[in-house]
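With compact mmCIF, C-alpha atoms and all ligand atoms inside, this is protein11.txt:
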# COMPACT_ATOMS: atom_id res chain seq x y z
CA MET A 743 17.16 12.11 10.57
CA LYS A 744 13.66 12.48 9.20
CA VAL A 745 13.40 13.00 5.47
CA ILE A 746 9.63 13.28 5.54
CA GLU A 747 7.58 14.97 8.22
CA VAL A 748 3.82 15.07 8.01
CA LYS A 749 1.56 16.70 10.59
CA GLU A 750 -2.23 16.67 10.50
CA LEU A 751 -2.13 16.57 6.72
CA THR A 752 -5.64 16.82 5.28
CA LYS A 753 -7.19 16.77 1.84
CA LYS A 754 -10.82 17.57 1.19
CA PHE A 755 -12.50 17.29 -2.17
CA ASP A 756 -15.49 19.57 -1.66
CA LYS A 757 -17.11 18.16 1.44
CA PHE A 758 -15.49 14.75 1.19
CA THR A 759 -12.39 14.25 3.34
CA ALA A 760 -10.03 11.91 1.50
CA VAL A 761 -7.11 12.32 3.91
CA ASN A 762 -7.96 13.20 7.47
CA LYS A 763 -5.27 14.78 9.68
CA ILE A 764 -2.61 12.16 9.20
CA SER A 765 0.77 12.51 10.90
CA PHE A 766 3.92 10.44 10.40
CA GLY A 767 7.61 10.67 9.74
CA VAL A 768 10.00 8.73 7.53
CA GLU A 769 13.62 8.21 8.51
CA LYS A 770 16.51 8.32 6.10
CA GLY A 771 16.84 4.94 4.41
CA GLU A 772 13.52 3.72 5.72
CA ILE A 773 10.87 1.90 3.68
CA LEU A 774 7.38 2.82 4.81
CA GLY A 775 4.40 0.93 3.42
CA LEU A 776 0.92 2.37 3.12
CA LEU A 777 -1.64 -0.38 3.25
CA GLY A 778 -5.34 0.25 2.91
CA PRO A 779 -8.51 -0.63 1.03
CA ASN A 780 -9.52 1.08 -2.22
CA GLY A 781 -10.29 4.73 -1.64
CA ALA A 782 -8.50 4.86 1.73
CA GLY A 783 -6.47 7.90 0.70
CA LYS A 784 -3.09 6.37 -0.14
CA THR A 785 -2.62 7.90 -3.58
CA THR A 786 -3.94 11.25 -2.36
CA THR A 787 -1.37 11.22 0.44
CA LEU A 788 1.49 10.46 -1.94
CA SER A 789 0.20 13.05 -4.39
CA MET A 790 0.32 15.75 -1.72
CA LEU A 791 3.88 14.78 -0.79
CA ALA A 792 4.87 14.82 -4.45
CA THR A 793 3.30 18.30 -4.83
CA LEU A 794 0.82 17.05 -7.41
CA VAL A 795 -2.17 17.75 -5.18
CA LYS A 796 -2.44 20.75 -2.88
CA PRO A 797 -3.22 19.89 0.74
CA THR A 798 -6.27 21.49 2.34
CA SER A 799 -4.43 21.88 5.64
CA GLY A 800 -1.59 20.51 7.71
CA ILE A 801 2.17 20.38 7.31
CA ALA A 802 4.27 18.28 4.95
CA LYS A 803 8.02 18.55 4.60
CA VAL A 804 9.95 16.48 2.11
CA ASN A 805 13.74 16.44 2.29
CA GLY A 806 13.38 19.46 4.57
CA PHE A 807 11.33 21.43 2.05
CA ASP A 808 7.79 22.55 2.64
CA VAL A 809 5.40 21.32 -0.07
CA TYR A 810 3.54 24.65 -0.14
CA ASN A 811 6.52 26.98 -0.32
CA HIS A 812 9.16 24.95 -2.14
CA PRO A 813 7.40 22.59 -4.56
CA SER A 814 10.21 22.61 -7.11
CA LEU A 815 12.85 21.73 -4.51
CA VAL A 816 10.57 18.94 -3.29
CA ARG A 817 10.23 17.63 -6.83
CA LYS A 818 13.98 17.60 -7.34
CA SER A 819 14.35 15.46 -4.21
CA ILE A 820 11.86 12.81 -5.20
CA GLY A 821 11.14 10.17 -7.77
CA PHE A 822 7.72 8.70 -8.20
CA VAL A 823 5.94 5.89 -9.90
CA PHE A 824 2.24 6.49 -9.86
CA GLN A 825 -0.76 4.33 -10.59
CA ASP A 826 -1.64 5.97 -13.89
CA PRO A 827 1.07 5.47 -16.48
CA SER A 828 2.40 8.74 -17.81
CA SER A 829 5.01 7.66 -20.36
CA ASP A 830 4.66 9.04 -23.86
CA ASP A 831 3.18 6.37 -26.13
CA THR A 832 4.61 7.84 -29.30
CA LEU A 833 8.22 7.63 -28.11
CA THR A 834 10.42 4.62 -27.50
CA GLY A 835 11.27 3.52 -23.99
CA ARG A 836 14.73 4.95 -24.28
CA GLU A 837 13.46 8.28 -25.61
CA ASN A 838 11.08 8.54 -22.68
CA LEU A 839 13.94 8.07 -20.27
CA TYR A 840 16.13 10.52 -22.15
CA LEU A 841 13.43 13.19 -21.97
CA HIS A 842 13.03 12.64 -18.27
CA GLY A 843 16.77 12.84 -17.77
CA LEU A 844 16.92 16.17 -19.61
CA MET A 845 14.07 17.53 -17.52
CA TYR A 846 15.93 16.70 -14.34
CA GLY A 847 19.37 17.69 -15.62
CA VAL A 848 20.79 14.22 -15.01
CA ASP A 849 24.58 13.96 -15.42
CA GLY A 850 25.97 11.08 -17.46
CA ILE A 851 22.51 10.49 -18.81
CA ASN A 852 23.29 7.69 -21.30
CA LYS A 853 25.11 5.61 -18.76
CA LYS A 854 22.32 5.99 -16.24
CA ILE A 855 19.70 5.10 -18.81
CA ASP A 856 21.60 1.91 -19.62
CA MET A 857 21.76 1.10 -15.93
CA VAL A 858 18.05 1.53 -15.20
CA LEU A 859 17.07 -0.27 -18.40
CA LYS A 860 19.10 -3.24 -17.27
CA LEU A 861 17.56 -3.10 -13.86
CA VAL A 862 14.01 -3.40 -15.18
CA ASP A 863 15.08 -5.80 -17.92
CA LEU A 864 14.08 -3.63 -20.86
CA VAL A 865 17.41 -3.43 -22.66
CA ASP A 866 16.08 -5.51 -25.57
CA LYS A 867 12.96 -3.40 -25.86
CA LYS A 868 14.42 0.03 -25.44
CA ASP A 869 13.96 1.08 -29.07
CA ILE A 870 10.36 -0.05 -29.40
CA LEU A 871 7.56 2.52 -29.22
CA VAL A 872 5.89 2.49 -25.83
CA LYS A 873 2.47 2.03 -27.44
CA ASN A 874 3.69 -1.45 -28.42
CA TYR A 875 4.78 -2.32 -24.88
CA SER A 876 2.81 -4.81 -22.78
CA GLY A 877 1.29 -3.61 -19.52
CA GLY A 878 4.14 -5.07 -17.47
CA MET A 879 6.75 -3.49 -19.72
CA ARG A 880 5.14 -0.07 -19.30
CA ARG A 881 5.14 -0.51 -15.57
CA ARG A 882 8.83 -1.37 -15.63
CA LEU A 883 9.59 1.66 -17.78
CA GLU A 884 7.77 3.90 -15.31
CA LEU A 885 9.95 2.47 -12.60
CA ALA A 886 13.12 3.03 -14.56
CA ARG A 887 12.06 6.62 -15.04
CA GLY A 888 11.34 7.13 -11.33
CA LEU A 889 14.85 5.94 -10.52
CA LEU A 890 16.77 7.70 -13.29
CA HIS A 891 17.62 10.93 -11.51
CA GLU A 892 18.70 9.08 -8.34
CA PRO A 893 16.19 10.70 -6.02
CA LYS A 894 16.63 10.83 -2.24
CA ILE A 895 13.05 9.80 -1.74
CA LEU A 896 10.97 7.44 -3.81
CA PHE A 897 7.19 7.36 -3.91
CA LEU A 898 5.92 4.11 -5.33
CA ASP A 899 2.19 3.74 -5.83
CA GLU A 900 1.52 0.03 -6.36
CA PRO A 901 4.72 -0.32 -8.35
CA THR A 902 4.51 -4.05 -8.95
CA LEU A 903 0.87 -4.26 -9.97
CA GLY A 904 0.66 -6.62 -12.91
CA LEU A 905 4.33 -7.58 -12.88
CA ASP A 906 5.39 -11.20 -13.14
CA PRO A 907 6.84 -12.80 -9.99
CA GLN A 908 10.44 -12.70 -11.17
CA THR A 909 10.34 -9.01 -12.00
CA ARG A 910 8.63 -8.27 -8.67
CA ILE A 911 11.41 -10.00 -6.78
CA ASN A 912 14.10 -8.23 -8.80
CA LEU A 913 12.46 -4.97 -8.00
CA TRP A 914 12.14 -5.72 -4.29
CA ASN A 915 15.82 -6.54 -4.19
CA TYR A 916 16.69 -3.32 -5.87
CA ILE A 917 14.49 -1.23 -3.58
CA LYS A 918 16.03 -2.97 -0.58
CA LYS A 919 19.49 -2.28 -1.89
CA LEU A 920 18.72 1.41 -2.39
CA SER A 921 17.42 1.72 1.14
CA SER A 922 20.06 -0.40 2.85
CA GLU A 923 22.79 1.77 1.43
CA GLY A 924 21.04 4.36 3.56
CA SER A 925 20.65 6.99 0.95
CA VAL A 926 17.13 6.43 -0.36
CA SER A 927 13.90 6.48 1.62
CA VAL A 928 10.81 4.90 0.16
CA ILE A 929 7.08 5.22 0.65
CA ILE A 930 5.28 2.44 -1.12
CA THR A 931 1.60 1.58 -1.42
CA THR A 932 0.65 -1.96 -2.21
CA HIS A 933 -2.21 -4.41 -2.01
CA TYR A 934 0.20 -7.33 -1.85
CA MET A 935 0.75 -8.49 1.72
CA ASP A 936 3.88 -10.43 0.84
CA GLU A 937 5.34 -7.32 -0.68
CA ALA A 938 4.58 -5.22 2.40
CA GLU A 939 5.99 -7.89 4.66
CA GLU A 940 9.13 -8.45 2.62
CA LEU A 941 10.00 -4.84 1.96
CA CYS A 942 8.72 -2.52 4.62
CA ASP A 943 10.50 -1.47 7.82
CA ARG A 944 7.19 -0.06 8.99
CA ILE A 945 3.64 -0.24 7.74
CA ALA A 946 0.90 2.33 8.17
CA ILE A 947 -2.58 0.91 7.77
CA ILE A 948 -4.85 3.57 6.34
CA ASP A 949 -8.63 3.44 6.37
CA HIS A 950 -11.06 6.22 5.54
CA GLY A 951 -8.25 8.76 5.32
CA LYS A 952 -6.81 7.99 8.75
CA ILE A 953 -3.82 6.00 9.95
CA VAL A 954 -5.37 3.31 12.14
CA ALA A 955 -2.12 1.51 12.99
CA MET A 956 1.56 1.99 12.27
CA ASP A 957 4.48 -0.24 13.25
CA SER A 958 6.93 -2.82 11.98
CA PRO A 959 5.26 -5.87 10.38
CA SER A 960 6.26 -8.09 13.30
CA ASP A 961 5.04 -5.67 15.97
CA LEU A 962 1.76 -5.17 14.15
CA LYS A 963 1.26 -8.92 14.24
CA ASN A 964 2.26 -9.18 17.88
CA LYS A 965 -0.08 -6.37 18.86
CA ILE A 966 -3.27 -8.03 17.73
CA GLY A 967 -2.41 -10.64 20.33
CA GLY A 968 -2.98 -14.37 20.41
CA ASP A 969 -3.58 -16.72 17.58
CA ILE A 970 -6.05 -16.74 14.77
CA VAL A 971 -8.70 -19.41 15.00
CA ARG A 972 -10.76 -20.54 12.08
CA LEU A 973 -13.97 -22.36 12.92
CA LYS A 974 -16.11 -24.25 10.50
CA ILE A 975 -19.71 -24.46 11.68
CA LYS A 976 -22.87 -26.07 10.42
CA ASN A 977 -26.15 -24.23 10.90
CA PRO A 978 -24.70 -21.40 12.98
CA LYS A 979 -26.71 -18.98 15.04
CA ILE A 980 -25.79 -15.99 12.92
CA GLY A 981 -27.60 -13.54 15.18
CA GLU A 982 -25.49 -14.60 18.16
CA ILE A 983 -22.28 -14.59 16.16
CA LYS A 984 -22.76 -11.07 14.94
CA LYS A 985 -22.85 -9.86 18.53
CA LEU A 986 -19.33 -11.19 19.25
CA LYS A 987 -16.79 -8.50 18.59
CA TYR A 988 -13.75 -10.77 18.36
CA VAL A 989 -15.30 -12.58 15.43
CA LYS A 990 -13.43 -10.80 12.67
CA LYS A 991 -14.94 -12.44 9.68
CA ILE A 992 -17.94 -14.51 8.71
CA LYS A 993 -17.91 -16.39 5.44
CA LYS A 994 -20.16 -18.91 3.77
CA GLU A 995 -18.42 -22.02 2.41
CA GLY A 996 -20.99 -24.33 0.88
CA GLU A 997 -23.18 -25.68 3.64
CA PHE A 998 -20.75 -24.41 6.27
CA THR A 999 -20.09 -21.04 7.81
CA VAL A 1000 -16.48 -20.17 8.55
CA LEU A 1001 -15.62 -17.78 11.36
CA THR A 1002 -12.26 -16.10 11.80
CA VAL A 1003 -11.63 -15.30 15.44
CA VAL A 1004 -8.71 -13.42 16.95
CA ASN A 1005 -7.27 -14.74 20.21
CA SER A 1006 -8.30 -18.15 21.41
CA GLY A 1007 -8.69 -19.19 25.05
CA LEU A 1008 -11.81 -17.72 26.59
CA HIS A 1009 -13.18 -16.48 23.33
CA LEU A 1010 -13.15 -19.93 21.90
CA GLN A 1011 -15.08 -21.38 24.83
CA GLU A 1012 -17.65 -18.64 24.63
CA ILE A 1013 -18.06 -19.20 20.93
CA LEU A 1014 -18.37 -22.93 21.31
CA LYS A 1015 -21.19 -22.35 23.78
CA LYS A 1016 -23.02 -19.90 21.58
CA VAL A 1017 -22.66 -20.60 17.93
CA GLY A 1018 -23.66 -24.14 17.14
CA LYS A 1019 -21.87 -27.31 16.16
CA VAL A 1020 -18.20 -26.82 15.24
CA GLU A 1021 -17.01 -29.18 12.51
CA GLU A 1022 -13.42 -28.05 12.18
CA VAL A 1023 -10.96 -25.88 14.09
CA GLU A 1024 -7.74 -24.48 12.71
CA LEU A 1025 -5.19 -22.49 14.69
CA ARG A 1026 -2.37 -20.36 13.31
CA HIS A 1027 -0.20 -17.35 14.00
CA PRO A 1028 -1.46 -14.00 12.73
CA THR A 1029 -0.41 -12.82 9.28
CA LEU A 1030 -0.33 -9.28 7.98
CA ASN A 1031 -3.69 -9.97 6.38
CA ASP A 1032 -5.10 -10.69 9.84
CA VAL A 1033 -3.70 -7.38 11.03
CA PHE A 1034 -5.38 -5.66 8.13
CA LEU A 1035 -8.62 -7.42 8.89
CA HIS A 1036 -8.34 -6.50 12.55
CA TYR A 1037 -7.98 -2.79 11.91
CA THR A 1038 -10.17 -2.29 8.85
CA GLY A 1039 -12.77 -5.00 9.34
CA ARG A 1040 -11.99 -6.27 5.87
CA ASN A 1041 -9.68 -8.66 4.12
CA ILE A 1042 -7.39 -6.94 1.70
CA ARG A 1043 -8.97 -8.96 -1.13
CA GLU A 1044 -12.49 -8.17 -0.02
CA ALA A 1045 -11.49 -4.57 0.31
CA GLU A 1046 -10.76 -4.77 -3.39
CA GLY A 1047 -14.33 -5.69 -4.07
CA GLU A 1048 -14.62 -9.46 -3.95
CA GLY A 1049 -16.57 -9.19 -0.72
CA GLY A 1050 -20.13 -10.34 -1.17
CA TRP A 1051 -21.78 -11.96 1.75
CA ALA A 1052 -18.84 -11.73 4.14
CA GLU A 1053 -18.40 -8.05 3.51
CA ARG A 1054 -22.04 -7.33 4.18
CA ALA A 1055 -21.79 -9.38 7.34
CA MET A 1056 -18.85 -7.32 8.46
CA SER A 1057 -20.50 -4.00 7.76
CA TYR A 1058 -23.44 -5.18 9.83
CA GLN A 1059 -21.06 -6.02 12.61
CA GLY A 1060 -19.39 -2.63 12.32
CA ARG A 1061 -15.87 -1.53 13.11
CA SER A 1062 -13.89 -3.86 15.26
CA THR A 1063 -11.65 -1.39 17.06
N1 LIG A 1101 -9.62 14.63 -7.67
C1 LIG A 1101 -10.52 14.06 -6.85
N2 LIG A 1101 -11.76 14.58 -6.75
C2 LIG A 1101 -12.67 14.03 -5.91
N3 LIG A 1101 -12.44 12.94 -5.15
C3 LIG A 1101 -11.24 12.38 -5.23
C4 LIG A 1101 -10.21 12.91 -6.08
N4 LIG A 1101 -9.11 12.14 -5.93
C5 LIG A 1101 -9.43 11.18 -5.04
N5 LIG A 1101 -10.70 11.32 -4.62
C6 LIG A 1101 -11.38 10.48 -3.63
O1 LIG A 1101 -10.59 10.40 -2.46
C7 LIG A 1101 -10.64 9.08 -1.92
C8 LIG A 1101 -9.24 8.54 -1.76
O2 LIG A 1101 -8.71 8.25 -3.03
P1 LIG A 1101 -7.26 7.66 -3.25
O3 LIG A 1101 -7.03 7.58 -4.72
O4 LIG A 1101 -6.30 8.43 -2.44
O5 LIG A 1101 -7.42 6.21 -2.63
P2 LIG A 1101 -6.39 4.99 -2.58
O6 LIG A 1101 -6.20 4.65 -1.15
O7 LIG A 1101 -5.18 5.32 -3.38
O8 LIG A 1101 -7.21 3.82 -3.26
P3 LIG A 1101 -6.71 2.64 -4.27
O9 LIG A 1101 -6.26 1.51 -3.39
O10 LIG A 1101 -7.96 2.28 -4.98
O11 LIG A 1101 -5.67 3.17 -5.17
C9 LIG A 1101 -11.53 8.27 -2.84
O12 LIG A 1101 -12.82 8.21 -2.28
C10 LIG A 1101 -11.52 9.05 -4.13
O13 LIG A 1101 -12.73 8.87 -4.82
MG MG A 1102 -4.34 4.58 -5.02
Give the structure from this file in structure tokens form.
Amino acid sequence: MKVIEVKELTKKFDKFTAVNKISFGVEKGEILGLLGPNGAGKTTTLSMLATLVKPTSGIAKVNGFDVYNHPSLVRKSIGFVFQDPSSDDTLTGRENLYLHGLMYGVDGINKKIDMVLKLVDLVDKKDILVKNYSGGMRRRLELARGLLHEPKILFLDEPTLGLDPQTRINLWNYIKKLSSEGSVSVIITTHYMDEAEELCDRIAIIDHGKIVAMDSPSDLKNKIGGDIVRLKIKNPKIGEIKKLKYVKKIKKEGEFTVLTVVNSGLHLQEILKKVGKVEEVELRHPTLNDVFLHYTGRNIREAEGEGGWAERAMSYQGRST
């Protein structure tokens, strides 16, 4: 049974199209990951599903309810943790949760507050004003709030950003537990590949407002085919290299240039003929980051703005698919 159905969903801000006719479904109990560079349209997509942003066109049904016609029923079905914190600074953590519980008419509110506080490890801090919370504590409180009314569907927009490793793992385990009991479906955006890999049943890679690939993590990796080869070259013929479309990445490392190439065999021979003297070759199986690179032409880290030379090289080379 599908708990989310999206068809040709589109959001335009004036002339700019942030989300461009995307279509997908989410099954009951499924965890779907949205992976994409900054500005790809992930938050806008979640915001439309959470009825916080009105779609320009297309269809979106959440828990069977249309986002245009039944926004309040949609909101009752969902919990969300968004990028911008929205807890009240002037209240304590516990008061924030209490308020949220009242808003949603949560039964047995005190017991549930205790439960979620324990989950995010904020029991000791529950009576402190939120303005005195650290960034990670705020994040955890937001999470507790998203879970308090036991929603059928959870939207998590980079929920573990800035959390310490232990808390991240606790949270993953909890999300997995919610979904494996079959009752809660999750859409999560993240920039952490390990998180996507560990948590998600399927991953949709989004770039420029479009879904460019969608599958299970293992099938995504299998689909790009072959191994990943890393070549370290001295004095490369950059002009020649930029013409080769299976060269996915070009990076300067001191006096060397490092190429990342998908699929070995013939490609490798061609490269060896064309590019110059190869100092070092490294072969490995594709990771999710390679998948991301394959479909978006960028590393997830570079997509976050650490690009520099490599990124410019890639934009020269253009899209790879
Ligand atoms: N209210 C708005 N008005 C105009 N443009 C907007 C608005 N909200 C989002 N955008 C634009 O839409 C695009 C998609 O933004 P969105 O926040 O959905 O990206 P994202 O994939 O969540 O990125 P990030 O990884 O940085 O969170 C961006 O170019 C953004 O500038
Ligand atoms: Mg976002």
Quick check, in Å to one decimal: how far apart do atom CA of Ser814 of chain A and atom CA of Lys796 of chain A lie? 13.5 Å
Enclose all atoms of ligand LIG 1101 (chain A) listed in the file in an axis-aligned box, grow every side by 6 Å, and hand back centre and edge lengths in Å to one decimal, as lines of an AutoDock Vina configuration file.
center_x = -9.0
center_y = 8.1
center_z = -4.4
size_x = 19.6
size_y = 25.1
size_z = 18.5
Excluding Arg836 of chain A and any residue of its chain fewer than 5 positions from it, enumerate the residues within 10 Å of it, using only C-alpha atoms, and give them as a VMD selection string. chain A and resid 841 to 842 852 855 to 856 859 864 to 865 867 to 872 883 887
Any chance you could export the current selection's C-alpha atoms as a CSV table (one decimal), in the coordinates of the input?
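Contents of the output file out_8.csv:
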chain,number,residue,atom,x,y,z
A,841,LEU,CA,13.4,13.2,-22.0
A,842,HIS,CA,13.0,12.6,-18.3
A,852,ASN,CA,23.3,7.7,-21.3
A,855,ILE,CA,19.7,5.1,-18.8
A,856,ASP,CA,21.6,1.9,-19.6
A,859,LEU,CA,17.1,-0.3,-18.4
A,864,LEU,CA,14.1,-3.6,-20.9
A,865,VAL,CA,17.4,-3.4,-22.7
A,867,LYS,CA,13.0,-3.4,-25.9
A,868,LYS,CA,14.4,0.0,-25.4
A,869,ASP,CA,14.0,1.1,-29.1
A,870,ILE,CA,10.4,0.0,-29.4
A,871,LEU,CA,7.6,2.5,-29.2
A,872,VAL,CA,5.9,2.5,-25.8
A,883,LEU,CA,9.6,1.7,-17.8
A,887,ARG,CA,12.1,6.6,-15.0
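Picture a line from atom CA of Thr798 of chain A to atom CA of Gly951 of chain A; it runs 13.2 Å.
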Calculate how many Å separate atom CA of Phe758 of chain A from atom N3 of ligand LIG 1101 (chain A), rounding to one decimal.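 Distance reported for this atom pair: 7.3 Å.
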If the limit is 8 Å from any atom of ligand MG 1102 (chain A), counting only C-alpha atoms and all ligand atoms, which residues qualify? Return them as a list of chain:residue names.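 Checked against 8 Å with only C-alpha atoms and all ligand atoms; the hits are A:Asn780, A:Gly781, A:Ala782, A:Gly783, A:Lys784, A:Thr785, A:Thr786, A:Gln825, A:Asp899, A:Glu900, A:Thr931.
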Name the closest residue to Arg882 of chain A among the candidates A:Asn805, A:Thr1002, A:Thr902, A:Asn915; distances are taken between atoms, counting all atoms listed in the file.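 Using all atoms listed in the file, Arg882 of chain A sits closest to A:Thr902.
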Between A:Lys860, A:Lys919, A:His1036, A:Lys894, which is the closest to Val745 of chain A once you count all atoms listed in the file? A:Lys894
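You can rank A:Thr1029, A:Thr909, A:Thr932, A:Thr834 by their closest distance to ligand LIG 1101 (chain A) using only C-alpha atoms and all ligand atoms, and at the top of that list sits A:Thr932.
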For a quick check of understanding, using only C-alpha atoms and all ligand atoms, which of A:Ile917, A:Leu1025, A:Leu896, A:Ile947 has the smallest distance to ligand LIG 1101 (chain A)?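 Smallest separation from ligand LIG 1101 (chain A) among the options: A:Ile947.
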Minimum-distance residue to Arg910 of chain A, chosen among A:Ala955, A:Met857, A:Glu940, A:Gly821 (using all atoms listed in the file):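 Of the candidates, the smallest distance to Arg910 of chain A is held by A:Glu940.
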As a CSV table (one decimal), keeping the file's coordinate frame, please: segment 799-825 of chain A completed to N, CA and C atoms.
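Saved file selection_29.csv follows:
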chain,number,residue,atom,x,y,z
A,799,SER,N,-5.1,21.3,4.4
A,799,SER,CA,-4.4,21.9,5.6
A,799,SER,C,-3.4,20.9,6.2
A,800,GLY,N,-2.6,21.4,7.1
A,800,GLY,CA,-1.6,20.5,7.7
A,800,GLY,C,-0.2,20.8,7.2
A,801,ILE,N,0.8,20.1,7.7
A,801,ILE,CA,2.2,20.4,7.3
A,801,ILE,C,2.8,19.2,6.6
A,802,ALA,N,3.5,19.4,5.6
A,802,ALA,CA,4.3,18.3,5.0
A,802,ALA,C,5.6,18.8,4.5
A,803,LYS,N,6.7,18.2,5.0
A,803,LYS,CA,8.0,18.6,4.6
A,803,LYS,C,8.7,17.3,4.0
A,804,VAL,N,9.3,17.6,2.8
A,804,VAL,CA,10.0,16.5,2.1
A,804,VAL,C,11.4,16.9,1.9
A,805,ASN,N,12.3,16.1,2.4
A,805,ASN,CA,13.7,16.4,2.3
A,805,ASN,C,14.0,17.8,2.9
A,806,GLY,N,13.2,18.2,3.9
A,806,GLY,CA,13.4,19.5,4.6
A,806,GLY,C,12.6,20.6,3.9
A,807,PHE,N,12.0,20.3,2.8
A,807,PHE,CA,11.3,21.4,2.0
A,807,PHE,C,9.8,21.3,2.2
A,808,ASP,N,9.2,22.5,2.5
A,808,ASP,CA,7.8,22.6,2.6
A,808,ASP,C,7.1,22.4,1.3
A,809,VAL,N,6.1,21.6,1.2
A,809,VAL,CA,5.4,21.3,-0.1
A,809,VAL,C,4.7,22.5,-0.6
A,810,TYR,N,4.2,23.4,0.3
A,810,TYR,CA,3.5,24.6,-0.1
A,810,TYR,C,4.5,25.7,-0.7
A,811,ASN,N,5.6,25.9,0.0
A,811,ASN,CA,6.5,27.0,-0.3
A,811,ASN,C,7.6,26.6,-1.3
A,812,HIS,N,8.0,25.3,-1.3
A,812,HIS,CA,9.2,25.0,-2.1
A,812,HIS,C,8.9,23.7,-3.0
A,813,PRO,N,7.8,23.8,-3.8
A,813,PRO,CA,7.4,22.6,-4.6
A,813,PRO,C,8.5,22.1,-5.5
A,814,SER,N,9.2,23.1,-6.1
A,814,SER,CA,10.2,22.6,-7.1
A,814,SER,C,11.4,21.9,-6.4
A,815,LEU,N,11.8,22.4,-5.2
A,815,LEU,CA,12.8,21.7,-4.5
A,815,LEU,C,12.4,20.4,-4.0
A,816,VAL,N,11.1,20.3,-3.7
A,816,VAL,CA,10.6,18.9,-3.3
A,816,VAL,C,10.7,18.0,-4.5
A,817,ARG,N,10.2,18.5,-5.6
A,817,ARG,CA,10.2,17.6,-6.8
A,817,ARG,C,11.6,17.2,-7.2
A,818,LYS,N,12.6,18.0,-7.0
A,818,LYS,CA,14.0,17.6,-7.3
A,818,LYS,C,14.5,16.5,-6.4
A,819,SER,N,13.9,16.4,-5.2
A,819,SER,CA,14.4,15.5,-4.2
A,819,SER,C,13.7,14.1,-4.4
A,820,ILE,N,12.7,14.0,-5.2
A,820,ILE,CA,11.9,12.8,-5.2
A,820,ILE,C,11.8,12.2,-6.6
A,821,GLY,N,11.5,10.9,-6.6
A,821,GLY,CA,11.1,10.2,-7.8
A,821,GLY,C,9.8,9.5,-7.5
A,822,PHE,N,8.9,9.4,-8.5
A,822,PHE,CA,7.7,8.7,-8.2
A,822,PHE,C,7.2,7.8,-9.3
A,823,VAL,N,6.6,6.8,-8.9
A,823,VAL,CA,5.9,5.9,-9.9
A,823,VAL,C,4.5,5.8,-9.5
A,824,PHE,N,3.6,6.4,-10.3
A,824,PHE,CA,2.2,6.5,-9.9
A,824,PHE,C,1.4,5.5,-10.6
A,825,GLN,N,0.1,5.4,-10.1
A,825,GLN,CA,-0.8,4.3,-10.6
A,825,GLN,C,-1.1,4.5,-12.1
